[in-house]
Each structure stands twice: as C-alpha cells, then as structure tokens.
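Content type CSV, C-alpha atoms, from the file target_20.csv:
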chain,number,residue,atom,x,y,z
Q,1084,VAL,CA,9.4,49.3,5.5
Q,1085,LEU,CA,13.0,50.5,5.3
Q,1086,ARG,CA,15.3,49.2,8.1
Q,1087,ALA,CA,18.7,50.3,9.2
Q,1088,ALA,CA,21.2,47.6,8.2
Q,1089,PRO,CA,24.8,47.2,7.1
Q,1090,PRO,CA,25.1,48.4,3.5
Q,1091,ALA,CA,25.9,45.9,0.7
Q,1092,SER,CA,29.3,46.7,-0.6
Q,1093,ASN,CA,30.2,44.4,-3.4
Q,1094,ARG,CA,28.9,46.9,-5.9
Q,1095,ALA,CA,31.1,49.5,-4.3
Q,1096,LYS,CA,34.1,47.2,-4.7
Q,1097,LEU,CA,33.4,46.8,-8.4
Q,1098,ARG,CA,33.0,50.5,-9.0
Q,1099,MET,CA,36.1,51.6,-7.0
Q,1100,SER,CA,38.3,49.0,-8.7
Q,1101,HIS,CA,37.6,50.8,-12.1
Q,1102,LEU,CA,38.6,54.3,-11.0
Q,1103,PRO,CA,41.6,55.7,-12.7
Q,1104,ARG,CA,44.6,55.7,-10.4
Q,1105,GLU,CA,46.2,59.1,-11.2
Q,1106,ARG,CA,45.1,60.6,-7.9
Q,1107,ASP,CA,46.4,59.7,-4.5
Q,1108,PHE,CA,43.0,58.6,-3.1
Q,1109,ASP,CA,39.8,57.1,-4.2
Q,1110,VAL,CA,37.8,58.4,-1.3
Q,1111,LEU,CA,38.5,61.2,1.2
Q,1112,ILE,CA,36.5,62.0,4.4
Q,1113,PHE,CA,36.7,65.7,5.2
Q,1114,GLY,CA,35.8,66.5,8.8
Q,1115,ALA,CA,36.9,63.0,9.9
Q,1116,SER,CA,37.7,64.0,13.5
Q,1117,GLY,CA,34.1,65.2,14.1
Q,1118,TYR,CA,31.4,63.1,15.6
Q,1119,THR,CA,29.9,61.8,12.4
Q,1120,GLY,CA,33.0,61.9,10.3
Q,1121,GLU,CA,34.9,59.7,12.8
Q,1122,ARG,CA,32.1,57.1,12.5
Q,1123,VAL,CA,32.3,57.2,8.8
Q,1124,ALA,CA,36.0,56.6,9.0
Q,1125,ARG,CA,35.6,53.7,11.3
Q,1126,THR,CA,33.2,52.0,8.9
Q,1127,LEU,CA,35.6,52.5,5.9
Q,1128,SER,CA,38.4,51.2,8.0
Q,1129,LYS,CA,36.5,48.0,8.6
Q,1130,TRP,CA,35.6,47.6,4.9
Q,1131,SER,CA,39.2,48.2,3.8
Q,1132,MET,CA,40.7,45.4,6.0
Q,1133,PRO,CA,42.4,42.6,4.0
Q,1134,GLY,CA,39.6,40.5,2.4
Q,1135,GLY,CA,37.1,43.3,2.9
Q,1136,ALA,CA,34.9,44.7,0.1
Q,1137,TRP,CA,37.0,47.9,0.0
Q,1138,ALA,CA,40.4,46.3,0.5
Q,1139,THR,CA,41.8,47.8,-2.7
Q,1140,VAL,CA,40.3,51.3,-2.1
Q,1141,ARG,CA,42.8,54.1,-1.2
Q,1142,TRP,CA,41.1,56.3,1.4
Q,1143,ALA,CA,42.1,59.2,3.5
Q,1144,ILE,CA,41.0,61.2,6.5
Q,1145,ALA,CA,41.1,65.0,6.4
Q,1146,GLY,CA,40.5,67.9,8.7
Q,1147,ARG,CA,42.1,71.0,10.1
Q,1148,SER,CA,43.8,69.5,13.2
Q,1149,GLN,CA,46.7,67.2,12.7
Q,1150,LYS,CA,46.6,66.3,16.4
Q,1151,LYS,CA,43.0,65.2,16.3
Q,1152,LEU,CA,43.4,63.2,13.1
Q,1153,ASP,CA,46.5,61.4,14.5
Q,1154,GLY,CA,44.5,60.7,17.6
Q,1155,MET,CA,41.9,58.9,15.6
Q,1156,LEU,CA,44.3,56.4,14.1
Q,1157,GLY,CA,44.3,54.0,17.1
Q,1158,GLY,CA,40.6,53.6,16.9
Q,1159,LEU,CA,40.5,52.5,13.3
Q,1160,ALA,CA,40.4,48.8,12.3
Q,1161,SER,CA,42.9,49.5,9.5
Q,1162,PRO,CA,44.9,52.6,8.7
Q,1163,PRO,CA,43.9,55.1,6.0
Q,1164,THR,CA,46.1,55.5,3.0
Q,1165,GLY,CA,46.8,59.1,4.0
Q,1166,VAL,CA,46.0,62.0,6.4
Q,1167,VAL,CA,45.4,65.4,4.9
Q,1168,ILE,CA,45.2,68.8,6.6
Q,1169,ALA,CA,42.8,71.4,5.2
Q,1170,ASP,CA,40.6,74.2,6.6
Q,1171,THR,CA,37.3,75.7,5.3
Q,1172,SER,CA,38.8,79.2,5.7
Q,1173,ASP,CA,41.7,78.4,3.5
Q,1174,GLU,CA,40.7,78.0,-0.2
Q,1175,ALA,CA,44.1,76.9,-1.3
Q,1176,SER,CA,44.1,74.0,1.2
Q,1177,LEU,CA,40.7,72.9,0.1
Q,1178,ARG,CA,41.7,72.8,-3.5
Q,1179,ALA,CA,44.9,71.0,-2.7
Q,1180,MET,CA,42.9,68.4,-0.7
Q,1181,SER,CA,40.2,67.8,-3.2
Q,1182,ALA,CA,42.7,67.5,-6.1
Q,1183,ARG,CA,44.1,64.4,-4.5
Q,1184,THR,CA,40.9,62.3,-4.4
Q,1185,HIS,CA,38.3,61.1,-6.8
Q,1186,VAL,CA,35.4,61.4,-4.3
Q,1187,LEU,CA,35.2,63.7,-1.3
Q,1188,MET,CA,32.8,62.9,1.5
Q,1189,ASN,CA,32.1,66.1,3.4
Q,1190,ALA,CA,31.2,65.7,7.1
Q,1191,THR,CA,31.7,69.3,8.3
Q,1192,GLY,CA,28.6,71.1,9.5
Q,1193,PRO,CA,26.6,73.2,9.8
Q,1194,TYR,CA,26.9,73.2,6.1
Q,1195,ARG,CA,25.3,76.7,5.7
Q,1196,PHE,CA,28.6,78.0,7.2
Q,1197,TYR,CA,31.2,75.5,6.2
Q,1198,GLY,CA,30.0,73.6,3.1
Q,1199,GLU,CA,30.0,75.9,0.1
Q,1200,ALA,CA,33.7,76.4,0.0
Q,1201,VAL,CA,34.2,72.6,-0.1
Q,1202,VAL,CA,31.7,72.3,-3.0
Q,1203,SER,CA,33.5,75.1,-4.9
Q,1204,ALA,CA,36.9,73.4,-4.4
Q,1205,CYS,CA,35.6,70.1,-5.7
Q,1206,ILE,CA,34.1,71.6,-8.8
Q,1207,ALA,CA,37.4,73.5,-9.5
Q,1208,THR,CA,39.4,70.2,-9.2
Q,1209,THR,CA,36.8,68.0,-11.0
Q,1210,THR,CA,36.3,65.9,-7.8
Q,1211,ASP,CA,32.9,64.3,-7.1
Q,1212,TYR,CA,31.3,65.4,-3.9
Q,1213,CYS,CA,28.8,64.0,-1.4
Q,1214,ASP,CA,27.6,65.0,2.0
Q,1215,LEU,CA,25.1,64.1,4.7
Q,1216,CYS,CA,23.5,67.5,4.8
Q,1217,GLY,CA,20.0,67.9,6.0
Q,1218,GLU,CA,19.8,71.7,5.5
Q,1219,PRO,CA,17.5,72.7,2.6
Q,1220,GLU,CA,18.9,76.2,2.5
Q,1221,PHE,CA,22.4,74.9,1.7
Q,1222,ILE,CA,21.1,72.3,-0.8
Q,1223,ASP,CA,19.1,75.0,-2.7
Q,1224,ARG,CA,22.1,77.4,-2.6
Q,1225,CYS,CA,24.4,74.9,-4.1
Q,1226,GLN,CA,22.0,74.1,-6.9
Q,1227,LEU,CA,21.3,77.8,-7.6
Q,1228,LYS,CA,25.0,78.9,-7.6
Q,1229,HIS,CA,27.0,75.9,-8.6
Q,1230,SER,CA,24.9,73.6,-10.8
Q,1231,ASP,CA,26.1,75.2,-14.0
Q,1232,ALA,CA,29.7,75.0,-13.1
Q,1233,ALA,CA,29.4,71.4,-11.9
Q,1234,ARG,CA,27.6,70.4,-15.1
Q,1235,THR,CA,30.3,72.0,-17.2
Q,1236,ALA,CA,33.1,70.3,-15.2
Q,1237,GLY,CA,31.3,66.9,-15.2
Q,1238,VAL,CA,31.3,66.8,-11.4
Q,1239,LEU,CA,28.6,65.1,-9.3
Q,1240,VAL,CA,27.4,67.0,-6.3
Q,1241,VAL,CA,25.2,64.8,-4.2
Q,1242,HIS,CA,23.6,66.1,-1.0
Q,1243,ALA,CA,21.6,64.4,1.9
Q,1244,CYS,CA,23.3,61.0,1.7
Q,1245,ALA,CA,22.3,59.8,5.1
Q,1246,PHE,CA,19.2,59.6,7.3
Q,1247,ASP,CA,18.4,62.9,5.7
Q,1248,SER,CA,17.2,61.8,3.1
Q,1249,VAL,CA,18.1,58.4,1.7
Q,1250,PRO,CA,15.2,56.6,3.3
Q,1251,ALA,CA,12.7,59.2,2.2
Q,1252,ASP,CA,13.9,59.5,-1.4
Q,1253,LEU,CA,14.4,55.8,-2.1
Q,1254,GLY,CA,11.4,54.8,0.0
Q,1255,THR,CA,9.1,57.0,-2.0
Q,1256,LEU,CA,10.4,55.4,-5.2
Q,1257,PHE,CA,10.1,51.9,-3.8
Q,1258,THR,CA,6.5,52.6,-2.6
Q,1259,ALA,CA,5.5,53.9,-6.0
Q,1260,MET,CA,7.0,50.9,-7.7
Q,1261,GLN,CA,4.7,48.6,-5.8
Q,1262,PHE,CA,1.9,49.7,-8.2
Q,1263,PRO,CA,2.3,48.0,-11.6
Q,1264,PRO,CA,0.6,49.9,-14.4
Q,1265,PRO,CA,-2.1,50.8,-15.0
Q,1266,ALA,CA,-2.3,51.3,-11.2
Q,1267,LEU,CA,-0.9,54.6,-9.9
Q,1268,CYS,CA,0.5,55.4,-6.5
Q,1269,ALA,CA,-1.1,58.7,-5.3
Q,1270,HIS,CA,0.5,58.9,-1.8
Q,1271,ALA,CA,3.7,57.9,-0.1
Q,1272,ASP,CA,3.1,58.8,3.6
Q,1273,MET,CA,6.3,58.1,5.6
Q,1274,TYR,CA,6.8,57.6,9.3
Q,1275,HIS,CA,10.2,57.3,11.0
Q,1276,VAL,CA,10.1,54.9,13.9
Q,1277,VAL,CA,13.2,55.0,16.1
Q,1278,SER,CA,13.6,52.3,18.8
Q,1279,VAL,CA,16.1,52.1,21.7
Q,1280,GLU,CA,16.6,48.9,23.6
Q,1281,GLY,CA,16.9,49.3,27.4
Q,1282,SER,CA,18.0,52.7,28.8
Q,1283,PRO,CA,21.5,53.4,27.6
Q,1284,PRO,CA,23.0,56.7,28.6
Q,1285,GLY,CA,23.5,59.6,26.2
Q,1286,ALA,CA,21.4,61.8,23.9
Q,1287,SER,CA,19.7,60.7,20.7
Q,1288,GLY,CA,21.4,63.2,18.5
Q,1289,HIS,CA,24.4,65.5,18.2
Q,1290,ALA,CA,24.0,69.2,18.9
Q,1291,THR,CA,25.4,70.1,15.5
Q,1292,THR,CA,22.1,68.8,14.0
Q,1293,PHE,CA,20.1,70.9,16.4
Q,1294,ARG,CA,22.1,74.0,15.8
Q,1295,ALA,CA,21.7,73.6,12.0
Q,1296,ALA,CA,17.9,73.5,12.6
Q,1297,VAL,CA,18.1,76.7,14.7
Q,1298,HIS,CA,20.0,78.5,12.0
Q,1299,GLY,CA,17.6,77.2,9.4
Q,1300,PHE,CA,14.5,78.5,11.2
Q,1301,GLY,CA,16.2,81.8,11.8
Q,1302,GLY,CA,17.0,82.2,8.1
Q,1303,ALA,CA,13.6,80.9,6.9
Q,1304,GLY,CA,12.9,84.2,5.0
Q,1305,GLU,CA,16.1,84.2,3.0
Q,1306,THR,CA,15.6,80.4,2.4
Q,1307,ARG,CA,12.2,81.1,0.8
Q,1308,ALA,CA,13.6,83.9,-1.3
Q,1309,GLN,CA,16.5,81.7,-2.4
Q,1310,ARG,CA,14.1,78.9,-3.4
Q,1311,LYS,CA,12.1,81.4,-5.4
Q,1312,ALA,CA,15.2,82.4,-7.3
Q,1313,LEU,CA,16.1,78.7,-7.8
Q,1314,LEU,CA,12.7,77.9,-9.2
Q,1315,ALA,CA,12.9,80.9,-11.5
Q,1316,LYS,CA,16.3,79.7,-12.8
Q,1317,LEU,CA,14.9,76.2,-13.4
Q,1318,GLU,CA,11.9,77.6,-15.2
Q,1319,GLU,CA,14.1,79.7,-17.4
Q,1320,GLU,CA,16.3,76.7,-18.3
Q,1321,ALA,CA,13.3,74.4,-19.1
Q,1322,PRO,CA,9.8,75.7,-18.9
Q,1323,GLY,CA,7.7,73.7,-16.5
Q,1324,SER,CA,10.6,72.2,-14.6
Q,1325,SER,CA,10.1,74.4,-11.6
Q,1326,ARG,CA,6.6,73.0,-11.0
Q,1327,PRO,CA,5.9,69.7,-9.1
Q,1328,PRO,CA,4.2,66.9,-11.0
Q,1329,PRO,CA,0.5,67.1,-11.0
Q,1330,PRO,CA,-1.0,65.5,-7.9
Q,1331,LEU,CA,-3.0,62.3,-8.0
Q,1332,GLY,CA,-6.1,61.7,-5.9
Q,1333,PRO,CA,-7.0,63.8,-2.8
Q,1334,LYS,CA,-4.5,66.1,-1.2
Q,1335,LEU,CA,-2.2,64.3,1.3
Q,1336,LYS,CA,-2.7,65.8,4.7
Q,1337,VAL,CA,0.0,65.3,7.3
Q,1338,ALA,CA,-0.9,66.0,10.9
Q,1339,ALA,CA,1.4,68.4,12.7
Q,1340,GLY,CA,1.0,66.3,15.8
Q,1341,PRO,CA,0.7,64.9,18.3
Q,1342,ALA,CA,-1.5,62.5,16.3
Q,1343,TRP,CA,-2.3,58.9,17.3
Q,1344,GLN,CA,-1.4,56.4,14.5
Q,1345,LYS,CA,-3.4,53.3,15.1
Q,1346,ALA,CA,-1.5,51.2,12.5
Q,1347,LEU,CA,1.8,51.9,14.3
Q,1348,ALA,CA,0.4,52.3,17.8
Q,1349,ARG,CA,2.5,55.4,18.2
Q,1350,TYR,CA,2.1,59.2,18.3
Q,1351,SER,CA,3.3,61.1,15.2
Q,1352,PHE,CA,4.6,64.6,14.6
Q,1353,LEU,CA,5.5,66.4,11.4
Q,1354,PHE,CA,9.1,65.6,10.6
Q,1355,PRO,CA,11.2,68.9,10.7
Q,1356,GLY,CA,14.1,67.7,8.5
Q,1357,ALA,CA,14.9,68.0,4.9
Q,1358,ASP,CA,13.0,65.0,3.6
Q,1359,VAL,CA,10.1,66.8,2.0
Q,1360,ALA,CA,12.4,69.3,0.3
Q,1361,VAL,CA,14.7,66.6,-1.0
Q,1362,VAL,CA,11.9,64.4,-2.3
Q,1363,ARG,CA,10.3,67.3,-4.1
Q,1364,THR,CA,13.6,68.2,-5.7
Q,1365,SER,CA,14.0,64.6,-6.9
Q,1366,GLN,CA,10.4,64.6,-8.2
Q,1367,ARG,CA,10.9,67.8,-10.2
Q,1368,ALA,CA,13.8,66.0,-11.9
Q,1369,LEU,CA,11.8,62.9,-12.5
Q,1370,ALA,CA,8.9,64.8,-13.9
Q,1371,ARG,CA,11.2,66.3,-16.6
Q,1372,GLN,CA,11.8,62.8,-18.0
Q,1373,PRO,CA,9.3,61.3,-20.4
Q,1374,ARG,CA,7.3,58.4,-18.9
Q,1375,ARG,CA,7.3,55.5,-21.2
Q,1376,ALA,CA,4.4,53.1,-21.6
Q,1377,GLY,CA,4.4,50.4,-18.9
Q,1378,GLU,CA,6.6,52.4,-16.4
Q,1379,PRO,CA,5.2,53.0,-12.9
Q,1380,TYR,CA,4.2,56.5,-11.8
Q,1381,LEU,CA,7.2,57.6,-9.6
Q,1382,THR,CA,6.1,60.9,-8.2
Q,1383,PRO,CA,3.3,60.4,-5.6
Q,1384,GLN,CA,2.4,63.0,-3.0
Q,1385,PHE,CA,4.9,62.7,-0.1
Q,1386,GLY,CA,4.5,63.3,3.6
Q,1387,ALA,CA,7.1,62.9,6.4
Q,1388,SER,CA,6.5,62.3,10.1
Q,1389,PHE,CA,8.4,60.9,13.1
Q,1390,THR,CA,6.9,58.9,15.9
Q,1391,VAL,CA,7.2,58.3,19.6
Q,1392,ALA,CA,5.9,55.4,21.6
Q,1393,SER,CA,4.2,56.8,24.6
Q,1394,ALA,CA,2.0,59.7,25.7
Q,1395,ARG,CA,4.7,60.9,28.0
Q,1396,SER,CA,7.2,61.1,25.1
Q,1397,ALA,CA,4.6,62.8,23.0
Q,1398,ALA,CA,4.1,65.4,25.7
Q,1399,MET,CA,7.9,66.0,26.0
Q,1400,VAL,CA,8.2,66.4,22.2
Q,1401,ALA,CA,5.3,68.9,22.1
Q,1402,LEU,CA,6.8,70.9,25.0
Q,1403,ALA,CA,10.3,71.0,23.3
Q,1404,GLY,CA,8.6,71.9,20.0
Q,1405,ALA,CA,6.7,74.8,21.6
Q,1406,LEU,CA,9.9,76.1,23.2
Q,1407,PHE,CA,11.7,75.9,19.9
Q,1408,ASN,CA,9.0,77.7,18.0
Q,1409,ALA,CA,8.8,80.4,20.6
Q,1410,LEU,CA,12.5,81.1,20.8
Q,1411,SER,CA,13.7,80.5,17.2
Q,1412,GLY,CA,11.8,83.5,16.0
Q,1413,SER,CA,14.1,86.1,17.7
Q,1414,GLY,CA,17.8,86.6,17.8
Q,1415,TRP,CA,18.1,86.4,21.6
Q,1416,GLY,CA,15.9,83.2,21.6
Q,1417,ARG,CA,18.2,81.6,19.0
Q,1418,ALA,CA,21.2,82.5,21.0
Q,1419,LEU,CA,19.7,80.7,24.0
Q,1420,LEU,CA,18.9,77.6,21.9
Q,1421,LEU,CA,22.4,77.5,20.5
Q,1422,ARG,CA,24.0,77.8,23.9
Q,1423,GLN,CA,21.9,75.1,25.6
Q,1424,PRO,CA,20.9,72.4,23.1
Q,1425,ALA,CA,20.5,69.7,25.8
Q,1426,LEU,CA,18.3,71.9,28.0
Q,1427,PHE,CA,15.9,73.0,25.3
Q,1428,THR,CA,15.6,69.5,23.7
Q,1429,LEU,CA,15.1,67.9,27.2
Q,1430,GLY,CA,18.3,65.9,26.7
Q,1431,ALA,CA,17.5,64.7,23.1
Q,1432,PHE,CA,20.5,66.5,21.6
Q,1433,SER,CA,23.9,67.3,23.3
Q,1434,ASP,CA,27.4,68.3,22.4
Q,1435,GLU,CA,28.6,64.8,23.2
Q,1436,GLY,CA,26.1,63.1,20.9
Q,1437,PRO,CA,24.9,59.5,21.3
Q,1438,SER,CA,27.1,57.5,23.6
Q,1439,GLU,CA,29.0,54.4,22.5
Q,1440,GLU,CA,26.5,52.4,24.6
Q,1441,ARG,CA,23.5,54.0,23.0
Q,1442,LEU,CA,24.4,53.7,19.3
Q,1443,PRO,CA,24.3,49.9,19.1
Q,1444,ALA,CA,21.0,49.9,21.1
Q,1445,THR,CA,19.3,52.2,18.6
Q,1446,SER,CA,17.6,51.2,15.4
Q,1447,TRP,CA,15.1,52.8,13.1
Q,1448,GLU,CA,12.5,51.9,10.5
Q,1449,SER,CA,10.9,54.1,7.9
Q,1450,VAL,CA,7.3,52.9,7.3
Q,1451,PHE,CA,5.4,54.0,4.2
Q,1452,PHE,CA,1.7,54.0,3.7
Q,1453,TRP,CA,-0.2,54.6,0.5

What's the structure tokens form of this structure?
Amino acid sequence: VLRAAPPASNRAKLRMSHLPRERDFDVLIFGASGYTGERVARTLSKWSMPGGAWATVRWAIAGRSQKKLDGMLGGLASPPTGVVIADTSDEASLRAMSARTHVLMNATGPYRFYGEAVVSACIATTTDYCDLCGEPEFIDRCQLKHSDAARTAGVLVVHACAFDSVPADLGTLFTAMQFPPPALCAHADMYHVVSVEGSPPGASGHATTFRAAVHGFGGAGETRAQRKALLAKLEEEAPGSSRPPPPLGPKLKVAAGPAWQKALARYSFLFPGADVAVVRTSQRALARQPRRAGEPYLTPQFGASFTVASARSAAMVALAGALFNALSGSGWGRALLLRQPALFTLGAFSDEGPSEERLPATSWESVFFW
C-alpha cells in the first residue's frame, strides 16, 4: 500500500548542494500562479525556510503575469530567490527563463497545448525538465519528437511526476520486488482509494485535469497514430524495444466497473488516467536491460482502477462516465463538457478546484494486489 505522506527531503538537500552555481536558480516553477503550481511553490517555500532541508536551494517562481506572481508572495512561508516572467507563446522568453535554472518544474496545463514549447526551450538551454503531466498524447509526442535532441544535450525530460503516475510506476516495481527469485510476480493490480474526512466544501479535482481528459478523448485517433509512429521509431533504434515484455501467467483482466471488490469493500472502475501508459513505457525500457541472475522480475502485467465507497457514489460515477463517453465523441459534445466541467462531473471537478478546507481532509492510498 502506498500512502500520501510528506516526502523525505534529506536526499534532495544533498543533491542540490552539489549543483554547480553558475546559474541563477537551482529550481524554477513555471506556472506558479496556477492552482497546482502555487501549491508546489508553497511546499518549496516551507522546505527552504532557515533550517529546512532546502534552505540552501535557490528557487524561483515564474509565469506570464507579474501581478499574479507578486500576489502570491504574501502566502509563501519564505520568499523565492527570484520571480521570472515568461509566456508559452514567446519562445525567447521561455529560453531566457530556462537558461537561468538547473531544473524547471512545469505546471502549465493542459500540456498538449502549452507543454511542448517549454520542453524545447529546456533542451535548447541544457536545463533538466519535469512536469506533473497525466496526458499520454503529450508524453508520447515529446518522446517521439524530442528524445534524440534531449539525449544529445544530456537533458533529462521526466513526465508524470505526481499522482499521475508516481504511485503506479513505483508501486509496480515495489510489488514485483516482493517476490525474491526464483519466484516471479505476474500481476500488479492497483486500486486508488481516496478518502475524505467529514463533508468539506469544494470539488475533488481542478477543471484543468478534466479538460485535459476531454481533449485527450477527442484526439484519441491521432494519439493512436502518434504512438504507432513512436513504437516504429523505437523498433528502428533497437529491434524488439517497441514490444512489451512477455506476460507471465494468465492475462490480467481489469473490470471496467462498477465492480465490487470484496478485499477493499469498495466499488471499482477502470482508471482513466495515464498510469497504464506510463507503466508500459517504463516496462519497455526495463525490458531492454539484461536481467542478471538473482534479480527480481520487474515487469509484471499492470492494471489500474479507482474506487468509491458506496453504491450511491458508484451510481454517480457510472452516470458521469456515461455522459462523458456520449459527449466526448463529437465536437459539440466536447464543447459542452469544456464549458461546464462541474455540471458534467456532478461537482467532482470545478474551475475553483479543491477548497482549502477539503485538501487537508483528503488522503489517498494505492493498494496493489498480485
């Protein structure tokens, strides 16, 4: 079981202290005035207080609005080293921004519209990049179009560094490692369990996440074509690298839902996020590495589901899912979904996002079965 918890940061302190100092910042958060970016900035501001694990780290906030960024400063536990103005529509500003930092954290979504220019700027300025993207189309596009340039420049481009898809990626590895050789892990069947204490106001998620999903379903055809091109590129580079590792045991079947999970006493649904795509990408990379004697088998079949606690909640999820599937297949339907996220998710997603009262009352676990 993986649980949400404050991250250990001593290792981060050690690594950051060894970064060369020729740039203005060690870490920069782009999109810092947005819903998620602001919360990332608040966390870094706490870590960088005197005596904190990141006290020596030089960090900056960045975005396109000086007014919004300045307005954030009063809510931070300690001030950033700098404030930078840049816009995704201005390539020069992106390069000027990324050239000033060693690591750029990108929190501007939907990434399919705003992310690629930032990745390009980071590669051009040899700046390591990470994001919290849960959009498979964007992840595949960057690997297809920019992996060669990033490799040549020695730049790390790391996607999905958040709920999508750290629990899934690391949880699959952790589950597989519980089987000492000669035992082999055939399945890693994951269930996200979100809990909310009491009845705090606010939605469970921000509308940007929902809108990214709408655009993703609308572009499913081009996403499939792009993935086909990516796999062909991988196969050309290294024969066999486009194929997943051979499955062990019977095929893992994940119920679309609603399905009653007795072990959890909850109803499950197929998880619509990027977890499966990210884990498969990681497994393709792992399968290319020779497995030495005595090492565990790290590429089990993977499945991803999310759960709800009651029959009423399951009925609401099923209704919202049916509405989404019916509307996302047409342009006019997607326009409706994009305009009214709260209405078509029955309040689960909104433009305001989770309230300050709801966030501390919410926790999650990712439970893995083999």

Exercise for review: Skip Gly1332 in chain Q itself and residues of its chain fewer than 2 positions away, then list as a PyMOL selection string all residues within 10 Å of it, counting only C-alpha atoms.
Suggested key: chain Q and resi 1267-1270+1329-1330+1334-1335+1383-1384

Exercise for review: Would you please work out which residue, of Q:Arg1195, Q:Lys1129, Q:Lys1150, Q:His1298, is nearest to Val1167 in chain Q when using all atoms listed in the file?
Suggested key: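 For Val1167 in chain Q, the nearest of the given residues is Q:Lys1150.
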
For the interface of range 1334-1418 of chain Q with range 1238-1253 of chain Q (cut-off 8 Å, counting all atoms listed in the file), please tabulate each contacting residue of range 1334-1418 of chain Q alongside its nearest pair of atoms and their separation in Å to one decimal, rows sorted by chain and increasing number, as JSON lines.
{"residue": "Q:Gly1356", "atom": "CA", "partner": "Q:Asp1247", "partner_atom": "CA", "distance": 7.0}
{"residue": "Q:Ala1357", "atom": "CA", "partner": "Q:Asp1247", "partner_atom": "CA", "distance": 6.2}
{"residue": "Q:Asp1358", "atom": "CA", "partner": "Q:Ser1248", "partner_atom": "CA", "distance": 5.3}
{"residue": "Q:Val1361", "atom": "CA", "partner": "Q:Ser1248", "partner_atom": "CA", "distance": 6.8}
{"residue": "Q:Val1362", "atom": "CA", "partner": "Q:Asp1252", "partner_atom": "CA", "distance": 5.4}
{"residue": "Q:Ser1365", "atom": "CA", "partner": "Q:Asp1252", "partner_atom": "CA", "distance": 7.5}
{"residue": "Q:Ala1387", "atom": "CA", "partner": "Q:Ala1251", "partner_atom": "CA", "distance": 7.9}

Check your understanding: Skipping near chain neighbours, those fewer than 6 positions away, what residues fall within 8 Å of Ala1182 in chain Q using only C-alpha atoms, listed as a list in words?
Key -> Arg1106, Cys1205, Thr1208, Thr1209 and Thr1210 of chain Q

Check your understanding: Counting all atoms listed in the file, which of Q:Leu1331, Q:Val1391, Q:Ala1403, Q:Ala1376 gets nearest to Val1276 in chain Q?
Key -> Q:Val1391

Point to revise | Which of Q:Leu1442, Q:Ala1124, Q:Leu1314, Q:Ala1179 sits closest to Gly1157 in chain Q [using all atoms listed in the file] | key: Q:Ala1124

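If you measure from each of Q:Ser1116, Q:Phe1196, Q:Arg1125, Q:Ala1138 to Lys1151 in chain Q using all atoms listed in the file, the closest one turns out to be Q:Ser1116.
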
Please reconstruct the missing atoms of range 1199-1205 of chain Q (target: all heavy atoms) and return them as a PDB file, keeping the file's coordinate frame.
ATOM      1  N   GLU Q1199      29.892  75.399   1.481  1.00  0.00           N
ATOM      2  CA  GLU Q1199      30.000  75.900   0.100  1.00  0.00           C
ATOM      3  C   GLU Q1199      31.398  75.969  -0.412  1.00  0.00           C
ATOM      4  O   GLU Q1199      31.663  75.664  -1.590  1.00  0.00           O
ATOM      5  CB  GLU Q1199      29.312  77.273  -0.006  1.00  0.00           C
ATOM      6  CG  GLU Q1199      29.190  77.763  -1.435  1.00  0.00           C
ATOM      7  CD  GLU Q1199      28.417  79.061  -1.554  1.00  0.00           C
ATOM      8  OE1 GLU Q1199      27.973  79.612  -0.510  1.00  0.00           O
ATOM      9  OE2 GLU Q1199      28.260  79.544  -2.688  1.00  0.00           O
ATOM     10  N   ALA Q1200      32.329  76.338   0.449  1.00  0.00           N
ATOM     11  CA  ALA Q1200      33.700  76.400   0.000  1.00  0.00           C
ATOM     12  C   ALA Q1200      34.246  75.046  -0.428  1.00  0.00           C
ATOM     13  O   ALA Q1200      35.059  74.943  -1.358  1.00  0.00           O
ATOM     14  CB  ALA Q1200      34.605  76.975   1.131  1.00  0.00           C
ATOM     15  N   VAL Q1201      33.774  73.993   0.222  1.00  0.00           N
ATOM     16  CA  VAL Q1201      34.200  72.600  -0.100  1.00  0.00           C
ATOM     17  C   VAL Q1201      33.614  72.243  -1.493  1.00  0.00           C
ATOM     18  O   VAL Q1201      34.296  71.652  -2.340  1.00  0.00           O
ATOM     19  CB  VAL Q1201      33.793  71.635   0.957  1.00  0.00           C
ATOM     20  CG1 VAL Q1201      34.347  70.245   0.632  1.00  0.00           C
ATOM     21  CG2 VAL Q1201      34.294  72.088   2.321  1.00  0.00           C
ATOM     22  N   VAL Q1202      32.345  72.567  -1.716  1.00  0.00           N
ATOM     23  CA  VAL Q1202      31.700  72.300  -3.000  1.00  0.00           C
ATOM     24  C   VAL Q1202      32.471  73.016  -4.125  1.00  0.00           C
ATOM     25  O   VAL Q1202      32.775  72.438  -5.176  1.00  0.00           O
ATOM     26  CB  VAL Q1202      30.232  72.706  -2.997  1.00  0.00           C
ATOM     27  CG1 VAL Q1202      29.628  72.606  -4.394  1.00  0.00           C
ATOM     28  CG2 VAL Q1202      29.446  71.835  -2.026  1.00  0.00           C
ATOM     29  N   SER Q1203      32.788  74.284  -3.903  1.00  0.00           N
ATOM     30  CA  SER Q1203      33.500  75.100  -4.900  1.00  0.00           C
ATOM     31  C   SER Q1203      34.865  74.449  -5.233  1.00  0.00           C
ATOM     32  O   SER Q1203      35.269  74.373  -6.402  1.00  0.00           O
ATOM     33  CB  SER Q1203      33.699  76.510  -4.423  1.00  0.00           C
ATOM     34  OG  SER Q1203      32.459  77.164  -4.264  1.00  0.00           O
ATOM     35  N   ALA Q1204      35.568  74.006  -4.205  1.00  0.00           N
ATOM     36  CA  ALA Q1204      36.900  73.400  -4.400  1.00  0.00           C
ATOM     37  C   ALA Q1204      36.773  72.112  -5.215  1.00  0.00           C
ATOM     38  O   ALA Q1204      37.602  71.842  -6.107  1.00  0.00           O
ATOM     39  CB  ALA Q1204      37.555  73.136  -3.069  1.00  0.00           C
ATOM     40  N   CYS Q1205      35.751  71.320  -4.928  1.00  0.00           N
ATOM     41  CA  CYS Q1205      35.600  70.100  -5.700  1.00  0.00           C
ATOM     42  C   CYS Q1205      35.278  70.308  -7.125  1.00  0.00           C
ATOM     43  O   CYS Q1205      35.805  69.616  -8.006  1.00  0.00           O
ATOM     44  CB  CYS Q1205      34.460  69.236  -5.012  1.00  0.00           C
ATOM     45  SG  CYS Q1205      34.941  68.451  -3.454  1.00  0.00           S
TER      46      CYS Q1205
END
